[in-house]
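Novice: Just final-v5.tsv, nothing more (TSV, C-alpha atoms):
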chain	number	residue	atom	x	y	z
A	117	MET	CA	33.43	-51.72	-48.22
A	118	GLN	CA	32.50	-48.19	-47.40
A	119	LYS	CA	31.55	-47.22	-43.88
A	120	LYS	CA	28.47	-44.96	-43.45
A	121	LYS	CA	28.68	-42.03	-41.05
A	122	THR	CA	25.83	-42.00	-38.54
A	123	ALA	CA	26.89	-39.14	-36.29
A	124	GLY	CA	24.84	-35.89	-36.33
A	125	PHE	CA	21.24	-34.94	-37.01
A	126	THR	CA	19.36	-34.71	-40.25
A	127	LEU	CA	17.79	-31.49	-41.42
A	128	ILE	CA	14.28	-32.86	-40.78
A	129	GLU	CA	15.12	-33.72	-37.16
A	130	LEU	CA	16.47	-30.23	-36.54
A	131	MET	CA	13.38	-28.63	-38.10
A	132	VAL	CA	11.09	-30.72	-35.89
A	133	VAL	CA	12.97	-29.63	-32.76
A	134	VAL	CA	12.82	-25.96	-33.80
A	135	ALA	CA	9.07	-26.26	-34.49
A	136	ILE	CA	8.45	-27.79	-31.05
A	137	ILE	CA	10.44	-25.05	-29.35
A	138	ALA	CA	8.49	-22.38	-31.26
A	139	ILE	CA	5.15	-23.91	-30.23
A	140	LEU	CA	6.22	-24.02	-26.59
A	141	ALA	CA	7.40	-20.38	-26.75
A	142	VAL	CA	4.05	-19.22	-28.16
A	143	LEU	CA	2.15	-21.09	-25.44
A	144	GLY	CA	4.39	-19.62	-22.74
A	145	VAL	CA	4.00	-16.02	-23.95
A	146	THR	CA	0.21	-16.41	-24.19
A	147	SER	CA	-0.03	-17.83	-20.68
A	148	PHE	CA	2.20	-15.10	-19.28
A	149	SER	CA	0.16	-12.34	-20.94
A	150	SER	CA	-3.08	-13.78	-19.56
A	151	ALA	CA	-1.58	-14.11	-16.08
A	152	MET	CA	-0.43	-10.46	-16.16
A	153	LYS	CA	-3.96	-9.30	-17.11
A	154	ARG	CA	-5.46	-11.33	-14.27
A	155	ALA	CA	-2.92	-9.81	-11.85
A	156	ARG	CA	-3.74	-6.25	-12.97
A	157	ASN	CA	-7.48	-7.02	-12.66
A	158	ALA	CA	-6.94	-8.34	-9.14
A	159	THR	CA	-5.13	-5.10	-8.24
A	160	VAL	CA	-8.00	-2.99	-9.59
A	161	GLN	CA	-10.57	-5.09	-7.69
A	162	SER	CA	-8.53	-4.80	-4.50
A	163	ASP	CA	-8.24	-1.01	-4.90
A	164	VAL	CA	-12.00	-0.68	-5.49
A	165	ASN	CA	-12.71	-2.78	-2.38
A	166	THR	CA	-10.27	-0.73	-0.29
A	167	MET	CA	-11.77	2.56	-1.48
A	168	ALA	CA	-15.34	1.34	-0.80
A	169	LYS	CA	-14.37	0.20	2.70
A	170	ALA	CA	-12.74	3.59	3.34
A	171	LEU	CA	-15.93	5.35	2.20
A	172	GLU	CA	-18.00	3.12	4.50
A	173	THR	CA	-15.62	3.80	7.39
A	174	CYS	CA	-16.21	7.53	7.05
A	175	PHE	CA	-20.01	7.21	6.84
A	176	ASP	CA	-21.76	9.54	9.29
A	177	PRO	CA	-24.87	7.69	10.49
A	178	LEU	CA	-26.34	10.78	12.14
A	179	LYS	CA	-26.29	12.79	8.90
A	180	GLY	CA	-26.68	9.78	6.61
A	181	THR	CA	-23.81	10.96	4.42
A	182	TYR	CA	-20.29	10.01	3.43
A	183	SER	CA	-17.34	12.36	3.96
A	184	VAL	CA	-16.77	12.90	0.23
A	185	ALA	CA	-18.25	15.84	-1.69
A	186	SER	CA	-20.72	15.18	-4.49
A	187	GLY	CA	-19.36	15.42	-8.03
A	188	THR	CA	-15.85	14.50	-6.96
A	189	THR	CA	-13.40	12.43	-8.98
A	190	TYR	CA	-11.76	9.23	-7.82
A	191	THR	CA	-8.44	11.02	-7.19
A	192	ALA	CA	-10.10	13.85	-5.22
A	193	ALA	CA	-12.11	11.34	-3.16
A	194	LYS	CA	-8.94	9.35	-2.47
A	195	SER	CA	-7.16	12.52	-1.29
A	196	ALA	CA	-10.12	13.51	0.92
A	197	LEU	CA	-10.26	10.05	2.50
A	198	GLU	CA	-6.51	10.07	3.13
A	199	ALA	CA	-6.74	13.54	4.71
A	200	SER	CA	-9.58	12.43	7.01
A	201	GLY	CA	-7.66	9.34	8.12
A	202	CYS	CA	-10.17	6.87	6.65
A	203	LEU	CA	-7.68	5.66	4.06
A	204	LYS	CA	-3.98	4.97	4.57
A	205	ALA	CA	-1.83	7.16	2.32
A	206	ASN	CA	-0.58	5.48	-0.87
A	207	SER	CA	-2.53	2.30	-0.13
A	208	ILE	CA	-4.32	2.20	-3.49
A	209	GLY	CA	-3.77	3.21	-7.13
A	210	ASN	CA	-3.45	6.86	-8.05
A	211	THR	CA	-5.06	7.32	-11.48
A	212	ASP	CA	-8.52	8.29	-12.69
A	213	ASP	CA	-8.16	6.30	-15.91
A	214	LYS	CA	-8.78	2.90	-14.26
A	215	PHE	CA	-11.42	4.09	-11.79
A	216	ASN	CA	-14.72	5.88	-11.85
A	217	LEU	CA	-16.61	7.19	-8.83
A	218	ASN	CA	-20.29	7.91	-9.42
A	219	VAL	CA	-21.85	9.69	-6.48
A	220	LYS	CA	-25.35	10.98	-5.82
A	221	GLY	CA	-26.13	14.02	-3.78
A	222	THR	CA	-26.51	17.76	-4.08
A	223	THR	CA	-23.48	19.33	-5.73
A	224	GLY	CA	-21.05	20.70	-3.18
A	225	THR	CA	-22.49	18.67	-0.33
A	226	THR	CA	-21.50	15.31	1.03
A	227	ILE	CA	-22.90	12.31	-0.78
A	228	GLN	CA	-25.66	9.96	0.27
A	229	THR	CA	-24.85	7.09	-2.12
A	230	PHE	CA	-21.94	6.03	-4.29
A	231	VAL	CA	-20.99	3.54	-6.97
A	232	LEU	CA	-17.27	2.95	-7.35
A	233	CYS	CA	-16.10	1.15	-10.49
A	234	GLY	CA	-12.75	-0.08	-11.72
A	235	THR	CA	-12.02	-0.86	-15.37
A	236	LEU	CA	-10.86	-4.44	-15.92
A	237	GLU	CA	-8.94	-5.84	-18.85
A	238	ALA	CA	-10.64	-8.50	-20.96
A	239	VAL	CA	-9.26	-11.90	-20.02
A	240	GLY	CA	-12.29	-14.10	-20.62
A	241	VAL	CA	-15.22	-12.89	-22.72
A	242	ASN	CA	-18.48	-14.48	-23.77
A	243	ALA	CA	-19.14	-16.21	-27.09
A	244	SER	CA	-20.07	-12.97	-28.87
A	245	GLY	CA	-16.68	-11.49	-27.96
A	246	VAL	CA	-17.87	-8.88	-25.47
A	247	GLY	CA	-17.66	-8.69	-21.72
A	248	ASN	CA	-20.63	-9.80	-19.64
A	249	SER	CA	-21.14	-6.40	-18.05
A	250	VAL	CA	-22.27	-2.82	-18.49
A	251	ASP	CA	-20.08	0.23	-18.76
A	252	LYS	CA	-19.59	2.80	-15.98
A	253	ASN	CA	-22.65	4.75	-17.20
A	254	GLY	CA	-24.91	1.69	-17.02
A	255	THR	CA	-24.95	1.16	-20.80
A	256	ALA	CA	-24.71	-2.45	-21.93
A	257	CYS	CA	-21.44	-3.29	-23.66
A	258	GLY	CA	-21.92	-3.50	-27.41
A	259	SER	CA	-20.07	-5.50	-30.02
A	260	ALA	CA	-17.78	-2.54	-30.75
A	261	THR	CA	-16.56	-2.31	-27.16
A	262	ASN	CA	-15.17	-4.80	-24.74
A	263	CYS	CA	-15.88	-3.01	-21.49
A	264	ILE	CA	-15.70	-4.89	-18.24
A	265	TYR	CA	-16.11	-3.12	-14.91
A	266	PHE	CA	-15.91	-4.20	-11.29
A	267	CYS	CA	-18.31	-2.03	-9.30
A	268	ILE	CA	-19.26	-1.67	-5.65
A	269	GLN	CA	-22.27	0.26	-4.43
A	270	ASN	CA	-22.64	1.80	-1.00
A	271	MET	CA	-23.83	-0.52	1.77
A	272	GLN	CA	-25.71	2.05	3.87
Would you write the structure of this file as structure tokens?

Specialist:
Amino acid sequence: MQKKKTAGFTLIELMVVVAIIAILAVLGVTSFSSAMKRARNATVQSDVNTMAKALETCFDPLKGTYSVASGTTYTAAKSALEASGCLKANSIGNTDDKFNLNVKGTTGTTIQTFVLCGTLEAVGVNASGVGNSVDKNGTACGSATNCIYFCIQNMQ
């Protein structure tokens, strides 16, 4: 009588375990990537809110203007607000590539209105595959682009 060895795993069992681990790894990486995009979007939204509040803080009700010159960039407006004490230094992001400041007023003068926008990353999009928004110029997002912006307009 020959005794059968039962210790160890078969090749099929090992392949099933490896497949399960691979599926779990893919799900984990996807969830992590989505969470990182949401975190970056939250940072952009927070920076836009902070900048808009700083602009509102420096509003001059007697003149009806903000303390930022017309035609200025986001970075220049941020520097001007920090210099005037309306915005704490280094409290928000430092790049023009994620932000856009559209201001209205006579060039070289202080502005009367503003629209501040931050570019968000696509986390959730509609069924056609594009974001439910318009770009920073007011143009509707087309099928070739996936633009999503978070914008705040002046409150005065």

Novice: To one decimal place in Å, what is the distance between atom CA of Lys169 of chain A and atom CA of Leu203 of chain A?

Specialist: 8.7 Å

Novice: Go through A:Ile139, A:Met271, A:Val132, A:Ser147 and flag the residue nearest Ala168 of chain A, using all atoms listed in the file for the distances.

Specialist: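 Closest to Ala168 of chain A of all the choices is A:Met271.
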
Novice: Work out how far apart atom CA of Ile268 of chain A and atom CA of Leu232 of chain A are and give it in Å to one decimal.

Specialist: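 So the two atoms, atom CA of Ile268 of chain A and atom CA of Leu232 of chain A, lie 5.3 Å apart.
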
Novice: Which one is closest to Gln161 of chain A: A:Thr235, A:Asn206, A:Thr126, A:Gln269? Count only C-alpha atoms.

Specialist: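 Looking at the shortest contact to Gln161 of chain A, the residue is A:Thr235.
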
Novice: One number please: atom CA of Ser183 of chain A to atom CA of Asn270 of chain A, in Å, one decimal.

Specialist: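 A separation of 12.8 Å between them.
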
Novice: Show me the residues close to (-22.6, 11.0, 2.5) - anything with an atom within 8 Å, counting all atoms listed in the file - and format the list as a PyMOL selection string.

Specialist: chain A and resi 175-176+179-185+221+226-229

Novice: Tell me which of A:Glu237, A:Phe125, A:Glu172, A:Leu130 sits closest to Ala151 of chain A, counting all atoms listed in the file.

Specialist: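 Looking only at the distances to Ala151 of chain A, the closest residue turns out to be A:Glu237.
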
Novice: Using all atoms listed in the file, which residue out of A:Leu140, A:Ile264, A:Cys174, A:Ala238 lies closest to Glu198 of chain A?

Specialist: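 Ranking A:Leu140, A:Ile264, A:Cys174, A:Ala238 by distance to Glu198 of chain A, first place goes to A:Cys174.
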